[in-house]
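First comes the structure, then the notes that go with it.
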There are 2 protein chains.
Amino acid sequence: MVTRPRRDDALSRERIVDAATALLDAEGEGGLTFRALAAHLNTGPGAIYWHVANKGELLTAATDAVLNRTVPAAAAGATPPDAIRAVALGVFDAIEAHPWVGTQLTHMPSQPALRRLFERLGQQVRALGVPAAAQFTSASALLNYVLGVGAQNAANARAHQPGADRGEILGAEAAAWAGLDPGEYPFLRSVAGQLREHDDRQQYLDGVNLILVGITACAGGHT
Amino acid sequence: MVTRPRRDDALSRERIVDAATALLDAEGEGGLTFRALAAHLNTGPGAIYWHVANKGELLTAATDAVLNRTVPAAAAGATPPDAIRAVALGVFDAIEAHPWVGTQLTHMPSQPALRRLFERLGQQVRALGVPAAAQFTSASALLNYVLGVGAQNAANARAHQPGADRGEILGAEAAAWAGLDPGEYPFLRSVAGQLREHDDRQQYLDGVNLILVGITACAGGHT
DNA sequence: ACCTGAACACCGTTCAAGT
DNA sequence: ACCTGAACACCGTTCAAGT
């Protein structure tokens with residue numbers, strides 16, 4: 001395999017993936033088009049197919065690159081619960097910065113980013129002292145929770161303008177909950193106030209902690 | 001509002017939603033097209049727009065109908081944990097029978113089906129004796145886990161033929177895990193065998209139970 | 001009020017032809 | 001080896017025209 005010198009404006013898989021990421025960030029999930037991408041790179045749409053098999057592969061590669069940058073490797077001295085929280089928050093922040101990652105992550109099974117995520121969570125679950133038979137279930141519970149929140153955040157971002165006011169959106173949804181039929185929706189009504197004032201990131205972390213408690217309680221492990 | 005007698009083959013929102021559901025079940029998520037749907041109903045694509053605003057509304061309505069049929073109301077004498085498990089399994093089974101429901105449920109925020117789900121889980125969380133301040137987080141954790149698994153199952157169904165052999169797919173993925181670099185993927189390698197033999201539904205339920213343990217432990221509640 | 005179907009403005013992807 | 005861009009086979013959606 002010989003890498004020959006190239007013109008600076010030559011196409012490459014890396015440049016394509018970067019441009020796709022920029023397009024997705026700027027325009028949202030609907031903004032990534034082979035035509036728009038080609039225009040961005042000063043070529044025709046067909047040129048991209050020389051470097052990338054199809055749109056799915058492009059999305060997978062872009063997701064992979066973002067998560068590799070954002071999800072931290074396990075810190076040296078971190079306890080397993082801290083490491084798990086760090087991974088979970090890394091995914092959360094990646095999706096907050098690039099909502100399309102949340103969609104992509106829940107769309108293609110057995111993609112590399114998903115495997116790495118499961119691996120990292122699993123390693124820490126093991127380090128937590130969870131018995132072998134319960135490790136798979138415990139790591140799966142964490143992963144599925146992380147993915148569920150991620151998909152939801154992605155959907156929320158898709159539903160509103162990129163620059164939309166966060167508090168306004170929450171307020172509107174909270175108002176909708178408060179206005180529901182009391183006979184049918186007593187719970188939603190009762191937590192409408194909490195929805196309005198809640199901190200997304202903190203609540204996400206609370207959920208992770210709750211699952212961690214469940215894991216260690218079930219396993220008889222010691223935090 | 002007067003309902004006038006119609007010809008039996010007249011279009012109606014209900015007939016359209018039913019046909020869309022049938023099409024999605026038979027052909028998968030890519031099978032729902034306004035042209036295909038119109039052909040199925042012996043009309044032109046434009047006719048559908050008289051009864052339904054757009055494709056999103058159609059998908060939301062179909063999802064809503066399926067979940068209303070499949071997710072059971074709380075049984076009279078059921079304990080809160082049993083009721084939560086019943087709701088969770090209802091969603092699981094709905095998505096197993098109609099994988100597109102899993103995609104749809106994680107795609108549009110604040111759709112009615114999602115609200116009802118959160119309400120049902122929340123009511124049982126409250127019945128569990130969880131203090132008011134922790135109810136929102138606890139119900140969210142359950143919902144996000146359920147949605148995460150649902151989205152993943154939908155993605156798996158999308159990736160394979162409708163008639164594909166379940167064991168064969170699991171076996172292939174397990175083999176892939178077993179063949180990964182031992183230095184980088186020790187956890188995935190170690191659980192590859194569990195993946196091959198695991199029962200999806202049982203593991204899902206184990207995850208729900210794990211979160212329930214976390215909820216009651218955090219709340220100091222009594223099951 | 002409800003239906004028809006041609007037409008519009010897009011897509012992802014392919015492929016002969018170029019360099 | 002790599003790029004070009006017209007062309008193909010689709011989409012969702014609209015809308016004048018019909019009944």
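Labels used: A, B, ... for chains in the order of the structure tokens, numbers from 1 for residues in each chain, and numbers from 1 for ligands as shown.
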Next on the checklist: Could you tell me which residues of chain D sit within 12 Å of chain B when counting only C-alpha atoms (C1' of nucleotides), and give me the result as an MDAnalysis selection string?
Outcome noted: chainID D and resid 10:15
Can you check which residues of chain B have any atom within 8 Å of chain A? Use only C-alpha atoms and format it as a PDB file with N, CA and C atoms, in the first residue's frame.
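Saved as selection-v8.pdb:
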```
ATOM      1  N   THR B 106     -39.110   6.284  19.673  1.00  0.00           N
ATOM      2  CA  THR B 106     -37.916   7.041  20.053  1.00  0.00           C
ATOM      3  C   THR B 106     -37.648   8.198  19.095  1.00  0.00           C
ATOM      4  N   HIS B 107     -38.610   8.461  18.207  1.00  0.00           N
ATOM      5  CA  HIS B 107     -38.347   9.475  17.185  1.00  0.00           C
ATOM      6  C   HIS B 107     -39.111  10.772  17.372  1.00  0.00           C
ATOM      7  N   MET B 108     -40.319  10.676  17.873  1.00  0.00           N
ATOM      8  CA  MET B 108     -41.096  11.888  18.069  1.00  0.00           C
ATOM      9  C   MET B 108     -41.344  12.127  19.543  1.00  0.00           C
ATOM     10  N   PRO B 109     -40.764  13.181  20.093  1.00  0.00           N
ATOM     11  CA  PRO B 109     -40.965  13.469  21.507  1.00  0.00           C
ATOM     12  C   PRO B 109     -42.383  13.980  21.752  1.00  0.00           C
ATOM     13  N   SER B 110     -42.844  13.830  22.958  1.00  0.00           N
ATOM     14  CA  SER B 110     -44.172  14.304  23.382  1.00  0.00           C
ATOM     15  C   SER B 110     -45.304  13.812  22.502  1.00  0.00           C
ATOM     16  N   ARG B 115     -46.400   9.760  26.274  1.00  0.00           N
ATOM     17  CA  ARG B 115     -46.966  10.321  27.500  1.00  0.00           C
ATOM     18  C   ARG B 115     -47.712   9.271  28.305  1.00  0.00           C
ATOM     19  N   ARG B 116     -48.494   8.476  27.612  1.00  0.00           N
ATOM     20  CA  ARG B 116     -49.252   7.445  28.325  1.00  0.00           C
ATOM     21  C   ARG B 116     -48.324   6.457  29.007  1.00  0.00           C
ATOM     22  N   PHE B 118     -45.255   7.001  30.047  1.00  0.00           N
ATOM     23  CA  PHE B 118     -44.625   7.652  31.205  1.00  0.00           C
ATOM     24  C   PHE B 118     -45.622   7.761  32.353  1.00  0.00           C
ATOM     25  N   GLU B 119     -46.849   8.055  32.020  1.00  0.00           N
ATOM     26  CA  GLU B 119     -47.892   8.151  33.042  1.00  0.00           C
ATOM     27  C   GLU B 119     -48.086   6.819  33.764  1.00  0.00           C
ATOM     28  N   GLY B 122     -45.129   6.088  35.894  1.00  0.00           N
ATOM     29  CA  GLY B 122     -45.095   7.031  37.007  1.00  0.00           C
ATOM     30  C   GLY B 122     -46.103   6.697  38.092  1.00  0.00           C
ATOM     31  N   GLN B 123     -47.290   6.305  37.686  1.00  0.00           N
ATOM     32  CA  GLN B 123     -48.311   5.958  38.675  1.00  0.00           C
ATOM     33  C   GLN B 123     -47.842   4.798  39.544  1.00  0.00           C
ATOM     34  N   PHE B 136     -40.041  11.469  39.587  1.00  0.00           N
ATOM     35  CA  PHE B 136     -39.767  11.859  38.197  1.00  0.00           C
ATOM     36  C   PHE B 136     -38.532  11.136  37.674  1.00  0.00           C
ATOM     37  N   THR B 137     -37.475  11.168  38.459  1.00  0.00           N
ATOM     38  CA  THR B 137     -36.237  10.505  38.050  1.00  0.00           C
ATOM     39  C   THR B 137     -36.425   8.996  37.909  1.00  0.00           C
ATOM     40  N   SER B 138     -37.146   8.399  38.859  1.00  0.00           N
ATOM     41  CA  SER B 138     -37.335   6.946  38.823  1.00  0.00           C
ATOM     42  C   SER B 138     -38.136   6.514  37.596  1.00  0.00           C
ATOM     43  N   SER B 140     -38.474   8.199  34.865  1.00  0.00           N
ATOM     44  CA  SER B 140     -37.670   8.485  33.681  1.00  0.00           C
ATOM     45  C   SER B 140     -36.660   7.377  33.421  1.00  0.00           C
ATOM     46  N   ALA B 141     -36.043   6.891  34.489  1.00  0.00           N
ATOM     47  CA  ALA B 141     -35.056   5.828  34.324  1.00  0.00           C
ATOM     48  C   ALA B 141     -35.708   4.598  33.701  1.00  0.00           C
ATOM     49  N   ASN B 144     -36.649   5.407  29.971  1.00  0.00           N
ATOM     50  CA  ASN B 144     -35.509   5.476  29.066  1.00  0.00           C
ATOM     51  C   ASN B 144     -34.901   4.104  28.813  1.00  0.00           C
ATOM     52  N   TYR B 145     -34.910   3.257  29.830  1.00  0.00           N
ATOM     53  CA  TYR B 145     -34.430   1.891  29.628  1.00  0.00           C
ATOM     54  C   TYR B 145     -35.322   1.157  28.632  1.00  0.00           C
ATOM     55  N   VAL B 146     -36.623   1.258  28.843  1.00  0.00           N
ATOM     56  CA  VAL B 146     -37.588   0.599  27.949  1.00  0.00           C
ATOM     57  C   VAL B 146     -37.415   1.102  26.510  1.00  0.00           C
ATOM     58  N   LEU B 147     -37.228   2.397  26.368  1.00  0.00           N
ATOM     59  CA  LEU B 147     -37.062   2.972  25.032  1.00  0.00           C
ATOM     60  C   LEU B 147     -35.739   2.547  24.404  1.00  0.00           C
ATOM     61  N   GLY B 148     -34.698   2.477  25.218  1.00  0.00           N
ATOM     62  CA  GLY B 148     -33.402   2.067  24.695  1.00  0.00           C
ATOM     63  C   GLY B 148     -33.445   0.655  24.144  1.00  0.00           C
ATOM     64  N   VAL B 149     -34.026  -0.254  24.906  1.00  0.00           N
ATOM     65  CA  VAL B 149     -34.150  -1.631  24.425  1.00  0.00           C
ATOM     66  C   VAL B 149     -35.027  -1.673  23.183  1.00  0.00           C
ATOM     67  N   ALA B 151     -35.589   0.639  20.910  1.00  0.00           N
ATOM     68  CA  ALA B 151     -34.892   1.168  19.738  1.00  0.00           C
ATOM     69  C   ALA B 151     -33.882   0.149  19.223  1.00  0.00           C
ATOM     70  N   GLN B 152     -33.205  -0.512  20.143  1.00  0.00           N
ATOM     71  CA  GLN B 152     -32.207  -1.506  19.740  1.00  0.00           C
ATOM     72  C   GLN B 152     -32.851  -2.696  19.040  1.00  0.00           C
ATOM     73  N   ALA B 155     -33.803  -1.660  15.625  1.00  0.00           N
ATOM     74  CA  ALA B 155     -32.632  -1.588  14.742  1.00  0.00           C
ATOM     75  C   ALA B 155     -32.206  -2.988  14.306  1.00  0.00           C
ATOM     76  N   ASN B 156     -32.257  -3.926  15.221  1.00  0.00           N
ATOM     77  CA  ASN B 156     -31.901  -5.302  14.872  1.00  0.00           C
ATOM     78  C   ASN B 156     -32.845  -5.875  13.822  1.00  0.00           C
ATOM     79  N   ALA B 159     -32.121  -4.513  10.448  1.00  0.00           N
ATOM     80  CA  ALA B 159     -30.865  -4.949   9.839  1.00  0.00           C
ATOM     81  C   ALA B 159     -30.964  -6.336   9.199  1.00  0.00           C
ATOM     82  N   GLU B 173     -23.132 -12.764  15.656  1.00  0.00           N
ATOM     83  CA  GLU B 173     -22.653 -11.643  16.459  1.00  0.00           C
ATOM     84  C   GLU B 173     -21.747 -12.147  17.584  1.00  0.00           C
ATOM     85  N   TYR B 185     -10.834  -5.763  23.695  1.00  0.00           N
ATOM     86  CA  TYR B 185     -12.220  -6.131  23.977  1.00  0.00           C
ATOM     87  C   TYR B 185     -12.349  -7.347  24.904  1.00  0.00           C
ATOM     88  N   PRO B 186     -11.707  -7.283  26.068  1.00  0.00           N
ATOM     89  CA  PRO B 186     -11.784  -8.446  26.961  1.00  0.00           C
ATOM     90  C   PRO B 186     -13.209  -8.736  27.438  1.00  0.00           C
ATOM     91  N   PHE B 187     -13.961  -7.685  27.680  1.00  0.00           N
ATOM     92  CA  PHE B 187     -15.326  -7.915  28.192  1.00  0.00           C
ATOM     93  C   PHE B 187     -16.221  -8.566  27.138  1.00  0.00           C
ATOM     94  N   LEU B 188     -16.255  -7.992  25.960  1.00  0.00           N
ATOM     95  CA  LEU B 188     -17.115  -8.564  24.912  1.00  0.00           C
ATOM     96  C   LEU B 188     -16.753 -10.033  24.664  1.00  0.00           C
ATOM     97  N   VAL B 191     -18.172 -12.308  27.383  1.00  0.00           N
ATOM     98  CA  VAL B 191     -19.626 -12.515  27.446  1.00  0.00           C
ATOM     99  C   VAL B 191     -20.208 -13.006  26.119  1.00  0.00           C
ATOM    100  N   GLN B 194     -22.480 -15.849  26.607  1.00  0.00           N
ATOM    101  CA  GLN B 194     -23.779 -15.456  27.181  1.00  0.00           C
ATOM    102  C   GLN B 194     -24.683 -14.826  26.130  1.00  0.00           C
ATOM    103  N   GLN B 203     -33.736 -11.238  29.726  1.00  0.00           N
ATOM    104  CA  GLN B 203     -32.696 -10.271  30.083  1.00  0.00           C
ATOM    105  C   GLN B 203     -33.284  -8.865  30.220  1.00  0.00           C
ATOM    106  N   ASP B 206     -34.857  -8.788  33.498  1.00  0.00           N
ATOM    107  CA  ASP B 206     -33.816  -8.678  34.524  1.00  0.00           C
ATOM    108  C   ASP B 206     -33.381  -7.216  34.675  1.00  0.00           C
ATOM    109  N   GLY B 207     -33.268  -6.532  33.531  1.00  0.00           N
ATOM    110  CA  GLY B 207     -32.883  -5.123  33.576  1.00  0.00           C
ATOM    111  C   GLY B 207     -33.924  -4.274  34.287  1.00  0.00           C
ATOM    112  N   LEU B 210     -33.634  -4.886  37.928  1.00  0.00           N
ATOM    113  CA  LEU B 210     -32.448  -4.222  38.450  1.00  0.00           C
ATOM    114  C   LEU B 210     -32.733  -2.743  38.728  1.00  0.00           C
ATOM    115  N   ILE B 211     -33.422  -2.106  37.825  1.00  0.00           N
ATOM    116  CA  ILE B 211     -33.777  -0.696  38.030  1.00  0.00           C
ATOM    117  C   ILE B 211     -34.777  -0.573  39.180  1.00  0.00           C
ATOM    118  N   LEU B 212     -35.687  -1.528  39.273  1.00  0.00           N
ATOM    119  CA  LEU B 212     -36.649  -1.506  40.379  1.00  0.00           C
ATOM    120  C   LEU B 212     -35.930  -1.614  41.718  1.00  0.00           C
ATOM    121  N   VAL B 213     -34.928  -2.455  41.767  1.00  0.00           N
ATOM    122  CA  VAL B 213     -34.143  -2.571  43.000  1.00  0.00           C
ATOM    123  C   VAL B 213     -33.492  -1.231  43.322  1.00  0.00           C
ATOM    124  N   GLY B 214     -32.929  -0.609  42.303  1.00  0.00           N
ATOM    125  CA  GLY B 214     -32.309   0.694  42.510  1.00  0.00           C
ATOM    126  C   GLY B 214     -33.306   1.721  43.004  1.00  0.00           C
ATOM    127  N   ILE B 215     -34.486   1.715  42.424  1.00  0.00           N
ATOM    128  CA  ILE B 215     -35.515   2.684  42.814  1.00  0.00           C
ATOM    129  C   ILE B 215     -35.920   2.500  44.263  1.00  0.00           C
ATOM    130  N   ALA B 217     -34.311   0.870  46.605  1.00  0.00           N
ATOM    131  CA  ALA B 217     -33.173   1.074  47.517  1.00  0.00           C
ATOM    132  C   ALA B 217     -32.942   2.563  47.754  1.00  0.00           C
ATOM    133  N   CYS B 218     -32.965   3.337  46.684  1.00  0.00           N
ATOM    134  CA  CYS B 218     -32.761   4.775  46.813  1.00  0.00           C
ATOM    135  C   CYS B 218     -33.863   5.409  47.652  1.00  0.00           C
TER     136      CYS B 218
END
```
If you run DSSP on the backbone here, which positions in stretch 145-192 of chain A get helix (DSSP H, G or I)? Please write them as a CSV table (one decimal) with all heavy atoms, in the first residue's frame.
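Result written to selection_12.csv:
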```csv
chain,number,residue,atom,x,y,z
A,145,TYR,N,-30.1,2.2,28.9
A,145,TYR,CA,-30.5,3.5,29.5
A,145,TYR,C,-29.8,4.6,28.8
A,145,TYR,O,-30.5,5.6,28.4
A,145,TYR,CB,-30.2,3.5,31.0
A,145,TYR,CG,-30.4,4.8,31.7
A,145,TYR,CD1,-31.7,5.3,31.9
A,145,TYR,CD2,-29.3,5.7,32.0
A,145,TYR,CE1,-31.9,6.5,32.5
A,145,TYR,CE2,-29.5,6.9,32.5
A,145,TYR,CZ,-30.8,7.3,32.8
A,145,TYR,OH,-31.0,8.6,33.3
A,146,VAL,N,-28.5,4.5,28.6
A,146,VAL,CA,-27.7,5.6,28.0
A,146,VAL,C,-28.3,5.8,26.6
A,146,VAL,O,-28.5,7.0,26.1
A,146,VAL,CB,-26.3,5.2,27.9
A,146,VAL,CG1,-25.5,6.1,26.9
A,146,VAL,CG2,-25.6,5.3,29.3
A,147,LEU,N,-28.6,4.7,25.9
A,147,LEU,CA,-29.1,4.8,24.5
A,147,LEU,C,-30.5,5.4,24.5
A,147,LEU,O,-30.8,6.2,23.6
A,147,LEU,CB,-29.1,3.5,23.8
A,147,LEU,CG,-27.7,2.9,23.5
A,147,LEU,CD1,-27.9,1.5,22.9
A,147,LEU,CD2,-26.9,3.8,22.6
A,148,GLY,N,-31.3,5.0,25.4
A,148,GLY,CA,-32.7,5.6,25.5
A,148,GLY,C,-32.7,7.1,25.7
A,148,GLY,O,-33.4,7.8,25.0
A,149,VAL,N,-31.9,7.6,26.6
A,149,VAL,CA,-31.8,9.0,26.9
A,149,VAL,C,-31.2,9.7,25.6
A,149,VAL,O,-31.7,10.7,25.2
A,149,VAL,CB,-30.9,9.3,28.1
A,149,VAL,CG1,-30.7,10.8,28.2
A,149,VAL,CG2,-31.5,8.8,29.3
A,150,GLY,N,-30.2,9.1,25.0
A,150,GLY,CA,-29.6,9.7,23.8
A,150,GLY,C,-30.6,9.8,22.7
A,150,GLY,O,-30.6,10.8,22.0
A,151,ALA,N,-31.4,8.7,22.5
A,151,ALA,CA,-32.3,8.8,21.4
A,151,ALA,C,-33.4,9.9,21.7
A,151,ALA,O,-33.8,10.6,20.8
A,151,ALA,CB,-33.0,7.4,21.2
A,152,GLN,N,-33.8,10.0,22.9
A,152,GLN,CA,-34.8,11.0,23.3
A,152,GLN,C,-34.2,12.4,23.1
A,152,GLN,O,-34.9,13.3,22.6
A,152,GLN,CB,-35.2,10.7,24.7
A,152,GLN,CG,-36.7,10.9,25.0
A,152,GLN,CD,-37.5,10.0,24.1
A,152,GLN,OE1,-37.0,8.9,23.7
A,152,GLN,NE2,-38.7,10.4,23.7
A,153,ASN,N,-33.0,12.6,23.5
A,153,ASN,CA,-32.4,13.9,23.3
A,153,ASN,C,-32.3,14.3,21.8
A,153,ASN,O,-32.5,15.4,21.4
A,153,ASN,CB,-31.1,14.0,24.0
A,153,ASN,CG,-31.2,14.1,25.5
A,153,ASN,OD1,-32.3,14.3,26.0
A,153,ASN,ND2,-30.1,14.0,26.3
A,154,ALA,N,-31.9,13.3,21.1
A,154,ALA,CA,-31.8,13.5,19.6
A,154,ALA,C,-33.2,13.9,19.0
A,154,ALA,O,-33.3,14.8,18.2
A,154,ALA,CB,-31.2,12.3,18.9
A,155,ALA,N,-34.2,13.2,19.5
A,155,ALA,CA,-35.5,13.5,19.0
A,155,ALA,C,-36.0,14.9,19.4
A,155,ALA,O,-36.6,15.6,18.6
A,155,ALA,CB,-36.5,12.4,19.5
A,156,ASN,N,-35.6,15.3,20.6
A,156,ASN,CA,-36.0,16.6,21.0
A,156,ASN,C,-35.3,17.7,20.2
A,156,ASN,O,-35.9,18.7,19.8
A,156,ASN,CB,-35.6,16.8,22.5
A,156,ASN,CG,-36.7,16.2,23.4
A,156,ASN,OD1,-37.9,16.4,23.1
A,156,ASN,ND2,-36.3,15.6,24.5
A,157,ALA,N,-34.0,17.4,19.9
A,157,ALA,CA,-33.3,18.4,19.1
A,157,ALA,C,-33.8,18.5,17.7
A,157,ALA,O,-33.9,19.5,17.1
A,157,ALA,CB,-31.8,18.0,19.0
A,158,ARG,N,-34.3,17.3,17.2
A,158,ARG,CA,-34.8,17.3,15.8
A,158,ARG,C,-36.1,18.0,15.7
A,158,ARG,O,-36.5,18.6,14.7
A,158,ARG,CB,-35.0,15.8,15.4
A,158,ARG,CG,-34.9,15.5,13.9
A,158,ARG,CD,-35.2,14.1,13.7
A,158,ARG,NE,-34.4,13.1,14.4
A,158,ARG,CZ,-34.9,12.2,15.3
A,158,ARG,NH1,-36.2,12.1,15.5
A,158,ARG,NH2,-34.1,11.4,15.9
A,159,ALA,N,-36.9,18.0,16.9
A,159,ALA,CA,-38.2,18.6,16.8
A,159,ALA,C,-38.2,20.2,16.9
A,159,ALA,O,-39.2,20.8,16.6
A,159,ALA,CB,-39.0,18.0,18.0
A,166,ARG,N,-34.1,26.7,25.3
A,166,ARG,CA,-34.3,25.4,26.1
A,166,ARG,C,-35.4,25.6,27.1
A,166,ARG,O,-36.3,24.7,27.3
A,166,ARG,CB,-33.0,25.1,26.8
A,166,ARG,CG,-32.9,23.9,27.6
A,166,ARG,CD,-32.1,22.8,27.0
A,166,ARG,NE,-32.4,21.6,27.7
A,166,ARG,CZ,-33.5,20.9,27.4
A,166,ARG,NH1,-34.3,21.2,26.4
A,166,ARG,NH2,-33.7,19.7,28.1
A,167,GLY,N,-35.4,26.7,27.9
A,167,GLY,CA,-36.4,26.9,28.9
A,167,GLY,C,-37.8,27.0,28.4
A,167,GLY,O,-38.8,26.6,29.0
A,168,GLU,N,-37.9,27.7,27.2
A,168,GLU,CA,-39.2,27.9,26.6
A,168,GLU,C,-39.8,26.6,26.2
A,168,GLU,O,-41.0,26.3,26.4
A,168,GLU,CB,-39.0,28.8,25.4
A,168,GLU,CG,-40.1,29.8,25.2
A,168,GLU,CD,-39.7,30.8,24.1
A,168,GLU,OE1,-38.8,31.6,24.3
A,168,GLU,OE2,-40.2,30.6,23.0
A,169,ILE,N,-39.0,25.7,25.7
A,169,ILE,CA,-39.5,24.4,25.2
A,169,ILE,C,-40.0,23.6,26.4
A,169,ILE,O,-41.1,23.0,26.4
A,169,ILE,CB,-38.4,23.6,24.5
A,169,ILE,CG1,-38.1,24.3,23.2
A,169,ILE,CG2,-38.8,22.2,24.2
A,169,ILE,CD1,-36.8,23.8,22.5
A,170,LEU,N,-39.1,23.5,27.5
A,170,LEU,CA,-39.5,22.8,28.7
A,170,LEU,C,-40.8,23.4,29.3
A,170,LEU,O,-41.7,22.7,29.7
A,170,LEU,CB,-38.4,22.9,29.7
A,170,LEU,CG,-37.3,21.8,29.6
A,170,LEU,CD1,-36.3,22.0,30.7
A,170,LEU,CD2,-38.0,20.4,29.8
A,171,GLY,N,-40.8,24.7,29.3
A,171,GLY,CA,-42.0,25.4,29.8
A,171,GLY,C,-43.3,25.0,29.1
A,171,GLY,O,-44.3,24.7,29.7
A,172,ALA,N,-43.2,24.9,27.8
A,172,ALA,CA,-44.4,24.6,27.0
A,172,ALA,C,-44.8,23.2,27.2
A,172,ALA,O,-46.0,22.9,27.4
A,172,ALA,CB,-44.0,24.8,25.5
A,173,GLU,N,-43.8,22.3,27.3
A,173,GLU,CA,-44.2,20.9,27.6
A,173,GLU,C,-44.8,20.7,29.0
A,173,GLU,O,-45.8,20.0,29.2
A,173,GLU,CB,-42.9,20.0,27.4
A,173,GLU,CG,-43.2,18.5,27.6
A,173,GLU,CD,-44.0,17.8,26.5
A,173,GLU,OE1,-44.3,18.5,25.5
A,173,GLU,OE2,-44.4,16.7,26.6
A,174,ALA,N,-44.2,21.4,29.9
A,174,ALA,CA,-44.7,21.4,31.3
A,174,ALA,C,-46.1,21.9,31.4
A,174,ALA,O,-47.0,21.3,32.0
A,174,ALA,CB,-43.8,22.2,32.2
A,175,ALA,N,-46.4,23.0,30.6
A,175,ALA,CA,-47.7,23.5,30.6
A,175,ALA,C,-48.7,22.5,30.0
A,175,ALA,O,-49.8,22.4,30.5
A,175,ALA,CB,-47.7,24.8,29.8
A,176,ALA,N,-48.2,21.8,29.0
A,176,ALA,CA,-49.1,20.8,28.3
A,176,ALA,C,-49.4,19.7,29.4
A,176,ALA,O,-50.6,19.3,29.5
A,176,ALA,CB,-48.4,20.2,27.1
A,177,TRP,N,-48.4,19.3,30.1
A,177,TRP,CA,-48.7,18.3,31.1
A,177,TRP,C,-49.6,18.7,32.2
A,177,TRP,O,-50.5,18.0,32.6
A,177,TRP,CB,-47.3,17.8,31.8
A,177,TRP,CG,-46.4,17.0,30.9
A,177,TRP,CD1,-46.6,16.8,29.6
A,177,TRP,CD2,-45.3,16.3,31.3
A,177,TRP,NE1,-45.6,16.0,29.2
A,177,TRP,CE2,-44.7,15.7,30.2
A,177,TRP,CE3,-44.6,16.1,32.6
A,177,TRP,CZ2,-43.6,14.9,30.2
A,177,TRP,CZ3,-43.5,15.3,32.6
A,177,TRP,CH2,-43.0,14.7,31.5
A,178,ALA,N,-49.4,20.0,32.6
A,178,ALA,CA,-50.3,20.6,33.7
A,178,ALA,C,-51.7,20.7,33.2
A,178,ALA,O,-52.7,20.7,34.0
A,178,ALA,CB,-49.7,21.9,34.1
A,186,PRO,N,-52.8,11.8,36.2
A,186,PRO,CA,-52.5,12.4,37.5
A,186,PRO,C,-50.9,12.5,37.7
A,186,PRO,O,-50.5,13.5,38.3
A,186,PRO,CB,-53.1,11.4,38.6
A,186,PRO,CG,-53.2,10.2,37.8
A,186,PRO,CD,-53.5,10.6,36.4
A,187,PHE,N,-50.2,11.5,37.3
A,187,PHE,CA,-48.8,11.6,37.5
A,187,PHE,C,-48.1,12.7,36.7
A,187,PHE,O,-47.3,13.5,37.3
A,187,PHE,CB,-48.1,10.2,37.1
A,187,PHE,CG,-46.6,10.3,37.2
A,187,PHE,CD1,-46.0,10.3,38.5
A,187,PHE,CD2,-45.8,10.2,36.1
A,187,PHE,CE1,-44.6,10.4,38.6
A,187,PHE,CE2,-44.5,10.3,36.2
A,187,PHE,CZ,-43.8,10.3,37.4
A,188,LEU,N,-48.4,12.8,35.4
A,188,LEU,CA,-47.8,13.8,34.6
A,188,LEU,C,-48.1,15.2,35.2
A,188,LEU,O,-47.2,16.1,35.2
A,188,LEU,CB,-48.2,13.7,33.1
A,188,LEU,CG,-47.7,12.6,32.3
A,188,LEU,CD1,-48.0,12.8,30.8
A,188,LEU,CD2,-46.2,12.5,32.5
A,189,ARG,N,-49.3,15.4,35.6
A,189,ARG,CA,-49.7,16.7,36.2
A,189,ARG,C,-48.9,17.0,37.4
A,189,ARG,O,-48.4,18.1,37.6
A,189,ARG,CB,-51.2,16.7,36.5
A,189,ARG,CG,-52.1,16.9,35.3
A,189,ARG,CD,-53.5,16.7,35.7
A,189,ARG,NE,-53.9,17.7,36.7
A,189,ARG,CZ,-54.4,18.9,36.4
A,189,ARG,NH1,-54.7,19.2,35.2
A,189,ARG,NH2,-54.7,19.8,37.4
A,190,SER,N,-48.7,15.9,38.2
A,190,SER,CA,-48.0,16.1,39.5
A,190,SER,C,-46.5,16.4,39.3
A,190,SER,O,-45.9,17.0,40.2
A,190,SER,CB,-48.2,14.9,40.4
A,190,SER,OG,-47.3,13.8,40.0
A,191,VAL,N,-45.9,16.0,38.2
A,191,VAL,CA,-44.5,16.2,38.0
A,191,VAL,C,-44.2,17.3,37.0
A,191,VAL,O,-43.0,17.6,36.6
A,191,VAL,CB,-43.7,14.9,37.6
A,191,VAL,CG1,-43.8,13.9,38.7
A,191,VAL,CG2,-44.3,14.4,36.3
A,192,ALA,N,-45.3,18.0,36.5
A,192,ALA,CA,-45.1,19.1,35.5
A,192,ALA,C,-44.1,20.1,36.0
A,192,ALA,O,-43.3,20.6,35.3
A,192,ALA,CB,-46.4,19.7,35.1
```
Checklist entry - Can you tell me, as a list in words, what residues are no more than 10 Å from D:DA6 when counting only C-alpha atoms (C1' of nucleotides), ignoring any on the same chain fewer than 2 positions away? => result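 Listing them by chain and then by number gives DC15 and DA16 of chain C; DT4 and DC8 of chain D.
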